[in-house]
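*Asks:* Structure in structure tokens, see below.
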Amino acid sequence: MRDRKEYSAVVSHPFHVFNGIFLTLPLDGIRQTGLRVPLLQEACDEGLSRSETPSEIIERFLAKQDLTDASEGADLLFRIIQYVERQVVLVDALEDARYAQLNDLGGAESLQSLMQRVRRHGKEEELRSLLGEYAVRVVLTAHPTQFYPGNALAIITDLAKAMEENDLVNIRKLLHQLGLTPFFQSVPPTPYDEAVRQSWYLENVFYHAVPDLYARVAQALDDPAGIYLNPALINIGFWPGGDRDGNPFVDAKTTWHVAERLRATILRCYRREIRDLRRRITFKHVSEILDQLQDQIEFAMLHPEDERLSVIELTKRLEEVADLVQQHSNGLYIERVRAFLFKLRLFGLHFASMDIRQDSRVIQSALDDALESMDMDVSVFRAKSKKEQVDFLFSWSTNEPCGPLKNERHQDVLESLRVMRKIQDQNGERACHRFIISNCRGVLDVAAVYALTRSVGADQLPAVDIVPLFETIADLDGAHNEMQALYAHPEYSKHLEARGKRQTVMLGFSDGTKDGGYLRANWAIYQSKQALSKVARDAGITVLFFDGRGGPPARGGGNTHRFYASLGKDIENVEIQTTIQGQTISSNFGIPKSAGFNLELLLTAGLQNRLFEDQNSEMNASQAALMDELGELSYAHYETLKSNPQFMNYLKTWGTLLYYGQTNIGSRPTSRKSNGVLSFDDLRAIPFVGSWTQLKQNVPGFYGLGMALEVLESKGRLHEVSELYASNLFFKALIENSMQSMLKSDFRLTAHLADDPQFGAIWRRIKEEFDRTKRLVLTITGQKDLMELNPHIRESIALRDGIIRPLLVIQHFALGQMNKNHAGESTRWDEEVLRRLVVRSMYGIINASRNAV
């Protein structure tokens with residue numbers, strides 16, 4: 001275990017050294033600004049400790065700088081924001097550079113440790129058998145959670161490498177570049193721009209990390225050619241350009257252009273690979289074959305419409321090269337040939353598998369439009385029973401294609417299915433074969449997609465896996481009944497037979513937590529997986545769970561691999577599938593070393609779970625009953641908060657809820673509703689959770705847990721929860737993730753609201769629940785401080801929070817001044833300047849949190 005001293009030595013102390021270098025750079029006003037930042041940090045620390053308001057802190061600070069003019073004061077605040085943003089980059093780059101020192105790469109959860117345990121128990125053959133079917137799939141999304149622009153991410157990568165190599169000359173140049181690079185984006189990216197940004201990670205990180213891990217697994221099994229491994233052991237999924245849920249800017253043309261981009265990117269990687277291979281494999285028996293392969297790849301790059309390039313043929317020729325090298329050249333550099341073969345096996349011609357996603361309400365409206373185009377009376381169809389509607393939809397013939405639909409978004413549903421087939425024809429079936437139904441209610445939505453798929457015509461019918469996404473508490477609770485009915489339908493049963501008797505079901509952590517609170521949502525998903533596993537097994541179907549997770553614990557993030565390690569035998573675990581987005585990509589998968597390690601943790605989590613009996617991963621009846629009780633108590637308390645008439649007003653007034661769309665970080669609107677009053681139901685989980693993060697209250701990560709624990713404490717039963725924490729890995733992971741959310745909270749920032757006539761009551765209620773939760777969580781875990789067992793994470797959070805505290809105070813100062821303006825009180829601050837201060841401060845705050853949204 002790493003301690004605070006080590007973190008200080010490898011990150012905190014070097015941070016101050018590099019920050020000093022930053023001060024000496026020839027940048028306009030950098031020294032004057034940099035010298036004032038620690039003064040503001042000190043003023044914030046002292047002011048908040050004295051319960052001063054952000055307005056009092058900022059006004060006093062500016063007065064001490066002799067800046068009585070509002071425009072001059074605003075100019076300094078903007079320069080401080082920009083400076084602090086660069087300080088955050090320094091910490092990110094240092095943590096990436098010191099990744100191996102901060103993480104135990106050969107620890108208990110590593111592949112090395114798993115193999116030692118496998119050999120001790122003589123389970124080599126069982127593991128070899130498992131790896132023939134087991135898989136991990138991480139899906140890169142385009143969700144707006146990444147506040148770094150692409151050029152800043154590239155600087156972080158280069159800076160981390162220079163720091164790792166202790167290249168001071170290059171470090172200074174990169175810091176200079178950093179100071180000259182703008183972070184704010186004047187216009188939002190297009191969906192294609194988002195795809196290009198995420199494809200950078202494919203080319204520069206995953207292309208190296210994934211086959212390297214694959215090779216290490218093969219080597220561990222004494223199977224260097226990977227004969228026994230699932231060809232899709234590690235899969236990369238891709239949502240940019242395919243996810244049109246709530247994003248009117250994604251259409252079939254976008255999807256096709258992104259698929260072309262992915263193909264072009266992987267071919268570019270293969271061309272580099274074949275060139276590097278030719279520099280080493282210069283032997284007379286094989287050089288001609290390599291020349292031919294390079295010609296084929298380069299021809300395909302120049303003629304993207306040509307479909308003759310084949311993964312099967314490329315693989316066959318490379319295997320021929322490997323055999324010749326083994327026979328005639330003593331196997332020299334054969335590991336490089338195998339590495340290329342592994343890449344072909346894993347990435348094909350598609351690089352990453354695109355998913356199509358659309359909301360169930362759009363799908364049902366498109367279905368109505370399609371029925372009308374076929375001169376059918378929609379009202380008559382909708383008047384039928386649910387069973388009659390489902391039977392009709394599953395009987396839809398491919399000989400009944402529907403005409404163009406009147407609504408553009410509805411027509412796009414059909415076009416997205418057609419483009420799926422087009423992508424498969426060019427890049428292979430793995431390139432795009434899943435249609436995900438957001439906000440899925442069950443059988444009727446799946447049947448609608450099935451019918452619309454067939455309505456595109458037999459000649460354009462794609463191979464498709466229909467994936468229901470259950471998100472709300474009610475939908476999670478009823479998901480197993482809907483899937484049971486689906487498995488029983490003869491037509492859908494035939495469809496699954498053709499798809500290898502496998503059904504993917506997606507479960508949404510983000511919206512589940514927003515809807516039901518932290519504890520209830522996570523327990524509901526656990527129970528849903530249990531019930532869905534049972535009905536699938538009873539039907540002879542293998543269910544594959546796809547988890548829609550965000551960055552923070554409140555959206556299913558945190559130490560994700562420990563959740564998978566905690567699942568009992570009653571939850572199907574053939575594959576681990578999870579989304580990774582924005583900050584999670586850059587922080588956990590931003591460099592090959594961190595990407596490889598985090599993929600390794602996901603891989604070993606599921607394998608350990610299946611190979612070894614662990615009583616701590618099983619949930620017995622009494623433990624389940626206790627979880628039920630805790631979940632319901634937590635849910636009831638969270639519901640009272642949501643029903644508070646000031647709940648949304650509080651977030652709109654003192655949170656950043658209304659400003660997310662102004663940051664220009666994503667193409668997707670922040671609300672599902674394009675106009676009108678913003679309601680809780682229309683609100684997306686990302687701005688919801690992110691607003692609580694910047695309030696430093698993190699409500700979605702703990703609220704309700706404390707009240708549930710207190711009720712049991714009042715009954716003299718808190719020891720039952722302590723025993724549950726000590727004996728069940730799932731509950732332990734839940735509690736430890738919640739501790740992380742609480743550690744990132746700081747109620748001093750908003751303490752001035754305690755006696756506010758409008759928001760005082762709701763602020764006090766949240767603070768009371770926080771204090772209650774913290775006290776009882778420490779009691780049941782036996783810890784004196786939050787996350788005391790993870791000191792280097794505590795140190796990282798402390799360093800980052802100290803750096804961004806001035807930004808938080810500036811942001812809440814600006815919000816407070818705007819609230820005064822709106823209330824008719826005169827201030828010396830311009831409304832537009834205040835708005836810009838709020839928006840600009842969001843970047844550094846979110847980036848520093850790394851998994852804030």
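In the structure tokens, the first chain shown is A, the next is B, and so on; residue numbers restart at 1 for each chain, and ligands run from 1 in the order shown.
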With a distance cut-off of 12 Å and only C-alpha atoms, select the neighbouring residues of A:Arg835, excluding the residue or stretch itself and same-chain residues fewer than 4 positions from it, and output the selection as a count of residues only.
*Replies:* 26
*Asks:* Would you please extract all strand (DSSP E) residues from stretch 413-631 of chain A, as assigned by DSSP on the backbone, and give them as a PyMOL selection string?
*Replies:* chain A and resi 432-438+465-470+502-508+542-548+575-581
*Asks:* Quote the spacing between atom CA of A:Gln294 and atom CA of A:Cys269 in Å to one decimal place.
*Replies:*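 Atom CA of A:Gln294 sits 11.7 Å away from atom CA of A:Cys269.
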*Asks:* Output as a PyMOL selection string all residues of stretch 697-772 of chain A that backbone DSSP marks as helix (DSSP H, G or I).
*Replies:* chain A and resi 699-701+705-714+718-727+729-743+747-753+760-772
*Asks:* From the set A:Ala539, A:Ala154, A:Leu724, A:Ile297, which residue has the shortest atom-to-atom contact distance to A:Ser622, counting only C-alpha atoms?
*Replies:*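 Closest candidate: A:Leu724.
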*Asks:* Just give me the gap between atom CA of A:Arg800 and atom CA of A:Ala848 in Å, one decimal is fine.
*Replies:* 5.8 Å
